[in-house]
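Engineer: File follows, coords08.txt with compact mmCIF, C-alpha atoms:
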# COMPACT_ATOMS: atom_id res chain seq x y z
CA MET A 7 52.68 4.53 -2.65
CA SER A 8 49.89 6.88 -1.53
CA LYS A 9 48.13 6.36 1.75
CA LYS A 10 44.68 4.83 2.00
CA ASN A 11 41.87 7.08 3.13
CA VAL A 12 39.41 6.10 5.84
CA VAL A 13 36.28 7.86 7.10
CA LEU A 14 35.73 7.34 10.82
CA ALA A 15 32.43 7.84 12.65
CA PHE A 16 33.72 10.17 15.36
CA SER A 17 32.05 11.07 18.65
CA GLY A 18 35.05 12.68 20.34
CA GLY A 19 35.07 10.08 23.08
CA LEU A 20 37.91 7.80 24.14
CA ASP A 21 37.19 4.96 21.69
CA THR A 22 37.04 7.12 18.56
CA ALA A 23 40.01 9.18 19.73
CA PHE A 24 42.03 5.98 19.97
CA CYS A 25 40.82 4.90 16.53
CA THR A 26 41.96 8.18 14.96
CA VAL A 27 45.54 7.86 16.26
CA TYR A 28 45.77 4.11 15.70
CA LEU A 29 44.52 4.24 12.11
CA ARG A 30 46.86 7.12 11.34
CA GLU A 31 49.78 5.03 12.60
CA GLN A 32 48.62 2.14 10.43
CA GLY A 33 49.14 4.33 7.38
CA TYR A 34 45.68 5.80 6.85
CA ASP A 35 44.69 9.38 6.19
CA VAL A 36 41.76 9.72 8.59
CA THR A 37 38.72 11.89 7.95
CA THR A 38 36.59 12.14 11.07
CA VAL A 39 32.82 12.65 10.77
CA THR A 40 30.58 13.76 13.62
CA VAL A 41 26.87 13.39 12.83
CA ASP A 42 24.79 15.67 15.04
CA THR A 43 21.49 13.93 15.82
CA GLY A 44 20.76 16.27 18.74
CA GLY A 45 22.36 16.62 22.13
CA PHE A 46 25.46 18.45 20.82
CA PRO A 47 25.61 22.11 21.91
CA PRO A 48 27.75 24.32 19.61
CA GLU A 49 30.64 24.50 22.06
CA GLN A 50 30.82 20.70 22.21
CA LEU A 51 30.91 20.42 18.42
CA GLU A 52 33.77 22.93 18.42
CA ARG A 53 35.62 20.89 21.05
CA ILE A 54 35.16 17.70 19.02
CA ALA A 55 36.47 19.37 15.85
CA ALA A 56 39.51 20.70 17.70
CA LEU A 57 40.21 17.27 19.20
CA ALA A 58 40.07 15.60 15.79
CA LYS A 59 42.69 18.02 14.50
CA GLN A 60 44.85 17.44 17.58
CA LEU A 61 44.68 13.68 17.00
CA GLY A 62 45.94 14.05 13.46
CA ALA A 63 42.82 13.79 11.33
CA VAL A 64 43.43 15.20 7.85
CA GLU A 65 39.90 16.61 7.85
CA HIS A 66 36.94 16.83 10.20
CA VAL A 67 33.34 17.03 8.98
CA THR A 68 30.33 17.96 11.11
CA VAL A 69 26.93 16.98 9.71
CA ASP A 70 23.75 18.54 11.12
CA ALA A 71 21.40 15.57 10.70
CA ARG A 72 18.60 16.57 13.05
CA GLU A 73 16.09 17.25 10.27
CA THR A 74 17.22 14.11 8.46
CA LEU A 75 16.77 12.10 11.65
CA PHE A 76 13.21 13.31 12.03
CA GLN A 77 12.10 12.97 8.41
CA GLY A 78 13.81 9.63 7.78
CA TYR A 79 13.26 7.87 11.09
CA LEU A 80 11.42 9.63 13.91
CA ARG A 81 8.27 10.47 11.93
CA TYR A 82 7.75 6.73 11.38
CA LEU A 83 8.37 5.94 15.04
CA ILE A 84 5.65 8.47 15.89
CA ALA A 85 3.33 7.09 13.19
CA GLY A 86 3.86 3.59 14.61
CA ASN A 87 3.59 4.72 18.26
CA VAL A 88 6.80 2.78 18.78
CA LEU A 89 7.92 2.20 22.36
CA ARG A 90 9.96 -0.98 22.74
CA GLY A 91 8.70 -2.96 25.68
CA GLN A 92 5.98 -0.28 25.93
CA VAL A 93 8.52 2.14 27.43
CA TYR A 94 11.71 2.71 25.40
CA PRO A 95 11.53 5.08 22.37
CA LEU A 96 14.49 3.64 20.39
CA SER A 97 16.48 6.85 20.59
CA VAL A 98 19.93 5.28 20.13
CA SER A 99 18.69 2.84 17.46
CA ALA A 100 17.37 5.64 15.25
CA GLU A 101 20.49 7.76 15.77
CA ARG A 102 22.90 4.99 14.80
CA ALA A 103 21.10 4.18 11.55
CA CYS A 104 21.01 7.87 10.62
CA GLN A 105 24.66 8.40 11.58
CA ALA A 106 25.81 5.38 9.57
CA VAL A 107 24.00 6.60 6.44
CA GLU A 108 25.55 10.07 6.75
CA VAL A 109 29.05 8.66 7.31
CA VAL A 110 28.72 6.56 4.15
CA ARG A 111 27.51 9.64 2.24
CA VAL A 112 30.61 11.58 3.27
CA ALA A 113 32.84 8.63 2.36
CA ARG A 114 31.30 8.56 -1.11
CA GLU A 115 31.90 12.29 -1.55
CA LYS A 116 35.53 11.95 -0.42
CA GLY A 117 36.24 8.84 -2.49
CA THR A 118 37.71 6.96 0.46
CA GLN A 119 38.73 3.32 0.49
CA ALA A 120 37.61 2.37 4.02
CA LEU A 121 35.03 3.01 6.73
CA ALA A 122 35.61 2.73 10.47
CA HIS A 123 33.72 2.90 13.76
CA GLY A 124 34.78 2.70 17.39
CA SER A 125 32.23 0.23 18.75
CA THR A 126 33.33 -2.60 21.00
CA GLY A 127 32.39 -6.25 20.53
CA ALA A 128 29.99 -6.19 23.46
CA GLY A 129 26.95 -4.16 22.40
CA ASN A 130 24.31 -3.47 19.77
CA ASP A 131 26.01 -0.54 18.03
CA GLN A 132 28.72 -2.68 16.41
CA VAL A 133 26.03 -4.67 14.61
CA ARG A 134 24.11 -1.57 13.52
CA PHE A 135 27.22 0.10 12.07
CA ASP A 136 28.54 -3.09 10.46
CA VAL A 137 25.23 -3.93 8.77
CA ALA A 138 24.73 -0.36 7.54
CA PHE A 139 28.27 -0.01 6.18
CA ARG A 140 28.23 -3.40 4.45
CA SER A 141 24.76 -2.82 3.01
CA LEU A 142 25.42 0.68 1.68
CA ALA A 143 29.11 0.40 0.73
CA PRO A 144 30.10 -3.27 0.47
CA GLU A 145 33.15 -2.47 -1.65
CA LEU A 146 34.78 -0.41 1.13
CA GLU A 147 37.08 -1.95 3.71
CA LEU A 148 35.54 -2.07 7.20
CA LEU A 149 37.86 -1.25 10.11
CA THR A 150 36.92 -1.74 13.78
CA PRO A 151 40.10 -1.23 15.86
CA ILE A 152 38.53 -1.41 19.32
CA ARG A 153 36.70 -4.65 18.58
CA THR A 154 39.60 -6.19 16.65
CA LEU A 155 42.21 -5.44 19.31
CA SER A 156 39.85 -6.18 22.27
CA LEU A 157 41.29 -3.27 24.23
CA SER A 158 40.22 -2.11 27.67
CA ARG A 159 39.62 1.58 28.33
CA GLN A 160 42.77 1.62 30.48
CA GLN A 161 44.83 0.28 27.56
CA GLU A 162 43.38 2.92 25.24
CA LEU A 163 44.18 5.69 27.73
CA ALA A 164 47.74 4.41 28.13
CA TYR A 165 48.24 4.16 24.35
CA LEU A 166 47.15 7.76 23.84
CA ALA A 167 49.12 9.05 26.83
CA GLU A 168 52.32 7.53 25.40
CA ARG A 169 51.73 9.69 22.33
CA GLY A 170 51.10 12.85 24.28
CA VAL A 171 47.30 12.72 24.11
CA HIS A 172 45.69 12.87 27.54
CA MET A 173 41.98 12.17 27.50
CA PRO A 174 40.05 13.28 30.59
CA PRO A 175 38.89 10.38 32.75
CA LYS A 176 35.19 9.65 32.59
CA LEU A 177 33.55 11.81 35.21
CA GLY A 178 30.76 10.56 37.45
CA SER A 179 29.24 7.15 37.90
CA TYR A 180 27.01 7.14 34.82
CA SER A 181 27.51 6.97 31.07
CA VAL A 182 25.12 9.28 29.21
CA ASN A 183 24.29 9.36 25.49
CA GLU A 184 22.10 12.36 24.65
CA GLY A 185 20.20 12.78 21.39
CA MET A 186 17.13 14.48 20.01
CA TRP A 187 14.85 11.50 20.62
CA GLY A 188 16.09 10.79 24.14
CA THR A 189 19.00 10.27 26.48
CA SER A 190 20.24 6.84 27.56
CA VAL A 191 21.77 6.39 31.00
CA GLY A 192 23.94 3.48 32.10
CA GLY A 193 25.34 2.80 35.55
CA ALA A 194 25.79 0.19 38.24
CA GLU A 195 22.04 0.06 38.82
CA THR A 196 21.30 -0.90 35.21
CA LEU A 197 23.43 -4.03 35.60
CA ASP A 198 21.06 -5.37 38.27
CA SER A 199 17.43 -6.09 37.36
CA TRP A 200 16.25 -5.20 40.89
CA LYS A 201 17.85 -1.78 41.34
CA ALA A 202 16.44 1.61 40.36
CA LEU A 203 18.33 4.60 39.03
CA PRO A 204 18.28 7.57 41.41
CA GLU A 205 16.61 10.74 40.15
CA ALA A 206 19.98 12.50 40.14
CA ALA A 207 21.28 10.08 37.47
CA PHE A 208 18.92 11.49 34.84
CA PRO A 209 19.93 14.64 32.93
CA GLY A 210 17.00 16.54 34.45
CA GLY A 211 18.20 15.68 37.95
CA GLU A 212 16.06 15.86 41.08
CA LEU A 213 12.57 17.22 40.48
CA PRO A 214 11.27 20.25 42.39
CA GLN A 215 8.69 19.47 45.05
CA ASP A 216 6.37 22.31 44.05
CA LEU A 217 5.67 21.40 40.42
CA LYS A 218 2.27 22.67 39.32
CA PRO A 219 0.16 20.97 36.61
CA ARG A 220 1.01 22.35 33.19
CA PRO A 221 -1.55 22.14 30.34
CA LEU A 222 -0.12 21.50 26.88
CA THR A 223 -1.67 21.23 23.40
CA ILE A 224 0.09 19.43 20.53
CA GLY A 225 -1.16 19.76 16.96
CA PHE A 226 -0.65 17.18 14.19
CA GLU A 227 -1.04 17.22 10.42
CA LYS A 228 -1.13 13.79 8.77
CA GLY A 229 0.59 12.29 11.81
CA VAL A 230 3.43 14.83 11.94
CA PRO A 231 3.61 17.19 14.95
CA VAL A 232 3.32 20.78 13.71
CA SER A 233 2.33 23.00 16.64
CA LEU A 234 2.79 23.49 20.36
CA ASP A 235 0.17 25.46 22.30
CA GLY A 236 -1.09 26.87 19.02
CA GLU A 237 2.32 28.04 17.78
CA LYS A 238 3.49 26.56 14.49
CA LEU A 239 6.93 24.95 14.79
CA GLY A 240 9.14 22.84 12.56
CA PRO A 241 9.58 19.28 13.80
CA VAL A 242 13.12 19.73 15.13
CA LYS A 243 12.24 22.89 17.08
CA LEU A 244 9.07 21.26 18.38
CA VAL A 245 10.92 18.16 19.60
CA GLU A 246 13.58 20.32 21.26
CA ALA A 247 10.90 22.44 22.96
CA LEU A 248 9.10 19.36 24.28
CA ASN A 249 12.37 17.93 25.56
CA ALA A 250 13.15 21.14 27.45
CA LEU A 251 9.66 21.41 28.92
CA GLY A 252 9.14 17.73 29.66
CA ARG A 253 12.52 17.37 31.32
CA THR A 254 11.53 19.84 34.05
CA TYR A 255 8.65 17.47 34.92
CA GLY A 256 10.66 14.24 34.65
CA ILE A 257 8.50 13.09 31.74
CA GLY A 258 9.69 9.97 29.91
CA ARG A 259 12.03 8.65 32.58
CA GLY A 260 12.39 4.94 33.04
CA ILE A 261 14.47 1.79 32.67
CA HIS A 262 14.10 -0.56 29.72
CA LEU A 263 14.77 -4.27 30.19
CA GLY A 264 14.88 -6.31 26.99
CA ASP A 265 16.77 -8.53 24.58
CA THR A 266 19.91 -7.30 22.84
CA ILE A 267 20.82 -8.13 19.25
CA LEU A 268 23.48 -10.51 20.59
CA GLY A 269 20.86 -12.55 22.42
CA ILE A 270 21.43 -11.54 26.04
CA LYS A 271 19.25 -9.47 28.33
CA GLY A 272 20.16 -5.82 28.73
CA ARG A 273 18.94 -2.94 30.83
CA VAL A 274 19.28 0.80 30.18
CA GLY A 275 17.92 3.93 31.79
CA PHE A 276 16.45 6.64 29.61
CA GLU A 277 14.93 10.10 29.68
CA ALA A 278 12.87 10.89 26.57
CA PRO A 279 10.32 13.66 27.23
CA ALA A 280 9.45 14.58 23.63
CA ALA A 281 9.15 10.98 22.50
CA HIS A 282 6.76 10.05 25.31
CA LEU A 283 4.66 13.18 24.95
CA LEU A 284 4.36 12.84 21.18
CA VAL A 285 3.59 9.13 21.19
CA THR A 286 0.99 9.60 23.94
CA ALA A 287 -0.72 12.44 22.06
CA HIS A 288 -0.46 10.78 18.65
CA ARG A 289 -1.93 7.50 19.89
CA GLU A 290 -4.92 9.34 21.37
CA LEU A 291 -5.55 11.22 18.14
CA GLU A 292 -5.45 7.97 16.18
CA LYS A 293 -8.09 6.47 18.49
CA LEU A 294 -10.41 9.26 17.38
CA VAL A 295 -9.85 9.13 13.62
CA LEU A 296 -8.87 5.55 12.68
CA SER A 297 -11.00 2.42 12.50
CA GLY A 298 -10.60 -0.43 14.95
CA LYS A 299 -8.99 -2.66 12.33
CA GLN A 300 -6.53 0.10 11.37
CA LEU A 301 -5.54 0.51 15.02
CA PHE A 302 -5.07 -3.26 15.43
CA TRP A 303 -2.81 -3.70 12.42
CA LYS A 304 -0.97 -0.44 13.01
CA GLU A 305 0.10 -1.69 16.43
CA SER A 306 1.53 -4.85 14.86
CA MET A 307 3.20 -3.03 11.97
CA GLY A 308 4.58 -0.31 14.23
CA ASN A 309 6.11 -2.84 16.58
CA LEU A 310 7.63 -4.71 13.63
CA TYR A 311 9.10 -1.48 12.24
CA GLY A 312 10.60 -0.65 15.63
CA SER A 313 12.10 -4.14 15.95
CA LEU A 314 13.75 -3.95 12.53
CA LEU A 315 15.26 -0.56 13.35
CA HIS A 316 16.40 -1.56 16.84
CA GLU A 317 17.89 -4.90 15.81
CA GLY A 318 20.00 -3.67 12.91
CA HIS A 319 17.69 -4.71 10.04
CA PHE A 320 16.92 -1.19 8.86
CA PHE A 321 18.14 -1.91 5.32
CA ASP A 322 15.87 -4.89 4.77
CA PRO A 323 13.37 -4.05 1.96
CA LEU A 324 10.52 -4.72 4.38
CA VAL A 325 11.33 -1.44 6.13
CA LYS A 326 10.30 0.62 3.08
CA ASP A 327 7.10 -1.43 2.77
CA LEU A 328 6.26 -0.68 6.39
CA GLU A 329 7.04 3.01 5.92
CA ALA A 330 4.59 3.10 3.01
CA PHE A 331 1.92 1.49 5.18
CA LEU A 332 2.55 3.87 8.06
CA THR A 333 2.49 6.89 5.74
CA SER A 334 -0.83 5.81 4.23
CA SER A 335 -2.31 5.27 7.70
CA GLN A 336 -1.65 8.91 8.63
CA GLU A 337 -3.84 10.58 5.97
CA ARG A 338 -6.59 11.40 8.49
CA VAL A 339 -4.40 11.83 11.59
CA THR A 340 -4.85 15.60 11.82
CA GLY A 341 -6.01 17.44 14.91
CA GLU A 342 -5.05 18.57 18.40
CA VAL A 343 -4.50 16.75 21.68
CA ARG A 344 -4.66 18.43 25.07
CA LEU A 345 -2.36 17.07 27.78
CA VAL A 346 -1.59 18.05 31.36
CA LEU A 347 1.91 17.53 32.72
CA HIS A 348 2.45 16.34 36.29
CA ALA A 349 5.62 15.11 37.98
CA ARG A 350 6.88 12.11 35.94
CA THR A 351 3.64 11.65 34.03
CA GLN A 352 1.27 13.16 31.48
CA VAL A 353 -2.51 12.88 31.32
CA VAL A 354 -4.63 13.17 28.18
CA GLU A 355 -7.56 15.52 28.77
CA GLY A 356 -9.03 15.95 25.31
CA VAL A 357 -8.66 15.41 21.58
CA ARG A 358 -10.30 16.90 18.49
CA SER A 359 -10.04 16.46 14.75
CA PRO A 360 -11.90 17.43 11.56
CA HIS A 361 -11.83 13.69 10.77
CA SER A 362 -13.33 12.54 14.08
CA LEU A 363 -15.27 9.27 13.95
CA MET A 364 -17.02 10.15 17.22
CA ASP A 365 -20.23 12.12 16.53
CA ALA A 366 -22.80 12.64 19.31
CA LYS A 367 -25.39 13.64 16.69
CA VAL A 368 -25.31 10.12 15.25
CA ALA A 369 -24.73 7.85 18.24
CA THR A 370 -23.82 8.15 21.91
CA TYR A 371 -22.35 5.10 23.63
CA GLY A 372 -24.88 3.56 26.03
CA GLU A 373 -27.72 5.81 24.86
CA ALA A 374 -30.05 6.24 21.92
CA ASN A 375 -28.85 6.75 18.35
CA VAL A 376 -30.24 7.29 14.87
CA LEU A 377 -28.47 4.42 13.09
CA TRP A 378 -30.61 1.52 14.40
CA ASN A 379 -33.58 0.79 16.62
CA GLY A 380 -34.02 -1.52 19.59
CA SER A 381 -35.30 -4.53 17.65
CA GLU A 382 -32.43 -4.31 15.18
CA ALA A 383 -29.97 -4.18 18.07
CA ALA A 384 -31.61 -7.27 19.63
CA GLY A 385 -31.28 -9.17 16.35
CA PHE A 386 -27.64 -8.20 15.99
CA ALA A 387 -26.87 -9.29 19.55
CA LYS A 388 -28.56 -12.67 18.94
CA LEU A 389 -26.70 -13.37 15.69
CA TYR A 390 -23.43 -12.11 17.13
CA GLY A 391 -23.46 -14.88 19.74
CA VAL A 392 -24.59 -17.80 17.55
CA ALA A 393 -21.13 -19.37 17.12
CA GLN A 394 -20.44 -19.24 20.85
CA MET A 395 -23.91 -20.62 21.64
CA LEU A 396 -23.36 -23.61 19.32
CA SER A 397 -19.88 -24.28 20.68
CA HIS A 398 -21.16 -24.25 24.25
CA ARG A 399 -23.98 -26.70 23.41
CA ALA A 400 -21.51 -29.09 21.76
CA LYS A 401 -19.58 -29.65 25.00
Hey, can you dump this file as structure tokens for me?

Structural biologist:
Amino acid sequence: MSKKNVVLAFSGGLDTAFCTVYLREQGYDVTTVTVDTGGFPPEQLERIAALAKQLGAVEHVTVDARETLFQGYLRYLIAGNVLRGQVYPLSVSAERACQAVEVVRVAREKGTQALAHGSTGAGNDQVRFDVAFRSLAPELELLTPIRTLSLSRQQELAYLAERGVHMPPKLGSYSVNEGMWGTSVGGAETLDSWKALPEAAFPGGELPQDLKPRPLTIGFEKGVPVSLDGEKLGPVKLVEALNALGRTYGIGRGIHLGDTILGIKGRVGFEAPAAHLLVTAHRELEKLVLSGKQLFWKESMGNLYGSLLHEGHFFDPLVKDLEAFLTSSQERVTGEVRLVLHARTQVVEGVRSPHSLMDAKVATYGEANVLWNGSEAAGFAKLYGVAQMLSHRAK
């Protein structure tokens, strides 16, 4: 009888290394798939591919999904100005949805009978992968060895060591997950709601004391970032450039405290320079070109979109409806925003657009204008307060 084939979402870490060996011993031919959503330098991708072969994978596939991540996920997070809890840019949430879709795509191409991931039973990622796999490929068997066996990291290390595979112990005091839309940081401090992460825990490390203000101009076309300081760049290159520049200033560092999918409170550190710079600039441009009612409903719709993505509901039909709304809202969001970078913060200094709704030739706030006269303004102010006047009299 021929072996079953399984496609495993493979990061090259301890959990997925264990899964590769364990599934092979359970009679599966294992194809490992690493989906690059940023944060993987070429030498690391080579190391991961070599490790997969060492572990006995019949094939290893590397997918460059950075452009896919931007076009299918990040552009909508920018359009919605999505920052969960007003701080966290959903970097891991977007990556996991994108990675799951790409793993299923490879499984379809290979004609495999099963899908697998290495998530534990403790966090959000297990839900995101499970929901994606069952939504996109319900006929395939779903295997989750780490969760099913409830193994500790020490047990996984021992299991691999017995088979001649020696994984390096985790170095340092912090777990770091780096991607194009940000880096998450976990450590002892994130388990306590009172403690702060030290500067050294972030990928950018300690900041220099002599940082000078750095002006920066970001250009947008229909809500999509297209230029940096006047130079046209593709979205992936632009995001990478903003990450490199913003990291030197400590932009986008913080700790997010919020609710997990499983219903408990969680806390995670993050460093997301590009996400914070782009959302800050994009929001300011929208203030100039969109109506007040558009801005109001966009905030609600953007937050809803972010919640669906973060909480593992990305394959609900409502997501596509929200994407259509967000896309439509960006028709006039074209222009440039001027920022200045300082240590750990950015300041908006100016914004301009061919679709600006602010025109000093028509009206200047607090001064004269050509759209109405004083008596018309007095009548408007009187009528505007009628409902409140009647309610106050009725007390």

Engineer: Can you work out the spacing between CA of Gly308 in chain A and CA of Ser99 in chain A in Å, to one decimal?

Structural biologist: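 Answer for the CA of Gly308 in chain A to CA of Ser99 in chain A separation: 14.8 Å.
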
Engineer: Please work out which residues fall within 10 Å of (20.0, -1.2, 39.6), coordinates as given in the file, with all atoms listed in the file counting, and return them as a tab-separated table (two decimals) with C-alpha atoms, keeping the file's coordinate frame.

Structural biologist:
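Ended up saving to out.tsv:
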chain	number	residue	atom	x	y	z
A	192	GLY	CA	23.94	3.48	32.10
A	193	GLY	CA	25.34	2.80	35.55
A	194	ALA	CA	25.79	0.19	38.24
A	195	GLU	CA	22.04	0.06	38.82
A	196	THR	CA	21.30	-0.90	35.21
A	197	LEU	CA	23.43	-4.03	35.60
A	198	ASP	CA	21.06	-5.37	38.27
A	199	SER	CA	17.43	-6.09	37.36
A	200	TRP	CA	16.25	-5.20	40.89
A	201	LYS	CA	17.85	-1.78	41.34
A	202	ALA	CA	16.44	1.61	40.36
A	203	LEU	CA	18.33	4.60	39.03
A	204	PRO	CA	18.28	7.57	41.41
A	261	ILE	CA	14.47	1.79	32.67
A	273	ARG	CA	18.94	-2.94	30.83
A	274	VAL	CA	19.28	0.80	30.18
A	275	GLY	CA	17.92	3.93	31.79

Engineer: For a test of reading the model, state the distance in Å between CA of His66 in chain A and CA of Asn130 in chain A, rounded to one decimal.

Structural biologist: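 A separation of 25.8 Å between them.
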
Engineer: With the cut-off set at 12 Å and counting all atoms listed in the file, tabulate each residue of range 117-224 of chain A with an atom at most that distance from an atom of range 69-77 of chain A, showing the nearest atom pair and its distance in Å to one decimal, ordered by chain and increasing number, as CSV.

Structural biologist:
residue,atom,partner,partner_atom,distance
A:Gly185,CA,A:Arg72,CA,9.3
A:Met186,CA,A:Arg72,CA,7.4
A:Trp187,CA,A:Phe76,CA,8.9

Engineer: I'd like the contact shell of Thr351 in chain A - 12 Å cut-off, all atoms listed in the file, skipping same-chain residues fewer than 4 positions apart - returned as a PDB file with C-alpha atoms, in the frame of the given file.

Structural biologist:
ATOM      1  CA  LEU A 217       5.670  21.400  40.420  1.00  0.00           C
ATOM      2  CA  PRO A 219       0.160  20.970  36.610  1.00  0.00           C
ATOM      3  CA  ARG A 220       1.010  22.350  33.190  1.00  0.00           C
ATOM      4  CA  GLY A 252       9.140  17.730  29.660  1.00  0.00           C
ATOM      5  CA  ARG A 253      12.520  17.370  31.320  1.00  0.00           C
ATOM      6  CA  THR A 254      11.530  19.840  34.050  1.00  0.00           C
ATOM      7  CA  TYR A 255       8.650  17.470  34.920  1.00  0.00           C
ATOM      8  CA  GLY A 256      10.660  14.240  34.650  1.00  0.00           C
ATOM      9  CA  ILE A 257       8.500  13.090  31.740  1.00  0.00           C
ATOM     10  CA  GLY A 258       9.690   9.970  29.910  1.00  0.00           C
ATOM     11  CA  ARG A 259      12.030   8.650  32.580  1.00  0.00           C
ATOM     12  CA  GLY A 260      12.390   4.940  33.040  1.00  0.00           C
ATOM     13  CA  ALA A 278      12.870  10.890  26.570  1.00  0.00           C
ATOM     14  CA  PRO A 279      10.320  13.660  27.230  1.00  0.00           C
ATOM     15  CA  HIS A 282       6.760  10.050  25.310  1.00  0.00           C
ATOM     16  CA  LEU A 283       4.660  13.180  24.950  1.00  0.00           C
ATOM     17  CA  THR A 286       0.990   9.600  23.940  1.00  0.00           C
ATOM     18  CA  LEU A 345      -2.360  17.070  27.780  1.00  0.00           C
ATOM     19  CA  VAL A 346      -1.590  18.050  31.360  1.00  0.00           C
ATOM     20  CA  LEU A 347       1.910  17.530  32.720  1.00  0.00           C
TER      21      LEU A 347
END

Engineer: Can you sort out the box for range 87-92 of chain A, edges along x, y and z, all listed atoms in, 6 Å on every side, with centre and edge lengths in Å to one decimal, as lines of an AutoDock Vina configuration file?

Structural biologist:
center_x = 6.8
center_y = 0.9
center_z = 22.1
size_x = 18.4
size_y = 19.7
size_z = 19.7

Engineer: Any idea what the distance is between CA of Val242 in chain A and CA of Gly44 in chain A?

Structural biologist: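 For CA of Val242 in chain A relative to CA of Gly44 in chain A, the distance reads 9.1 Å.
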
Engineer: Can you tell me which residues surround Thr126 in chain A at a distance of at most 10 Å, considering all atoms listed in the file, apart from same-chain residues fewer than 2 positions away, and format the answer as a CSV table (one decimal) with C-alpha atoms, keeping the file's coordinate frame?

Structural biologist:
chain,number,residue,atom,x,y,z
A,21,ASP,CA,37.2,5.0,21.7
A,123,HIS,CA,33.7,2.9,13.8
A,124,GLY,CA,34.8,2.7,17.4
A,128,ALA,CA,30.0,-6.2,23.5
A,129,GLY,CA,27.0,-4.2,22.4
A,130,ASN,CA,24.3,-3.5,19.8
A,131,ASP,CA,26.0,-0.5,18.0
A,132,GLN,CA,28.7,-2.7,16.4
A,133,VAL,CA,26.0,-4.7,14.6
A,150,THR,CA,36.9,-1.7,13.8
A,151,PRO,CA,40.1,-1.2,15.9
A,152,ILE,CA,38.5,-1.4,19.3
A,153,ARG,CA,36.7,-4.6,18.6
A,154,THR,CA,39.6,-6.2,16.6
A,155,LEU,CA,42.2,-5.4,19.3
A,156,SER,CA,39.8,-6.2,22.3
A,157,LEU,CA,41.3,-3.3,24.2
A,158,SER,CA,40.2,-2.1,27.7

Engineer: Which one of A:Val64, A:Val109, A:Leu234, A:Ala281 sits closest to Leu80 in chain A if you count all atoms listed in the file?

Structural biologist: A:Ala281

Engineer: Quick one: residues within 10 Å of (2.5, 16.1, 10.8) (file frame), counting all atoms listed in the file, please, as a list in words.

Structural biologist: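 Checked against the point, the hits come out as Arg81, Ile84, Ala85, Gly225, Phe226, Glu227, Lys228, Gly229, Val230, Pro231, Val232, Ser233, Gly240, Pro241, His288, Gln336, Glu337, Val339, Thr340 and Gly341 of chain A.
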
Engineer: Write out as a PyMOL selection string each polymer residue whose atoms come within 8 Å of Leu163 in chain A, counting all atoms listed in the file; drop sequence neighbours fewer than 3 positions from it.

Structural biologist: chain A and resi 20+159-160+166-167+172-173

Engineer: Between A:Tyr180, A:Gly210, A:Tyr79, A:Gly91, single out the one closest to Lys326 in chain A, counting only C-alpha atoms.

Structural biologist: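 Ranking A:Tyr180, A:Gly210, A:Tyr79, A:Gly91 by distance to Lys326 in chain A, first place goes to A:Tyr79.
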
Engineer: Determine, counting all atoms listed in the file, which protein, DNA and RNA residues have an atom within 8 Å of an atom of Leu149 in chain A; residues of the same chain fewer than 3 positions away are not included. Present the result as a list in words.

Structural biologist: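 My list of contacting residues is Ala120, Leu121, Ala122 and His123 of chain A.
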
Engineer: With distances taken over all atoms listed in the file, which residue among A:Ala15, A:Val353, A:Ile54, A:Leu96 lies nearest Ala113 in chain A?

Structural biologist: A:Ala15

Engineer: Rank nothing, just name the residue among A:Thr189, A:Thr22, A:Ser179, A:Asn87 nearest to Thr43 in chain A, using only C-alpha atoms.

Structural biologist: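 Checking each of A:Thr189, A:Thr22, A:Ser179, A:Asn87 against Thr43 in chain A, counting only C-alpha atoms, the winner is A:Thr189.
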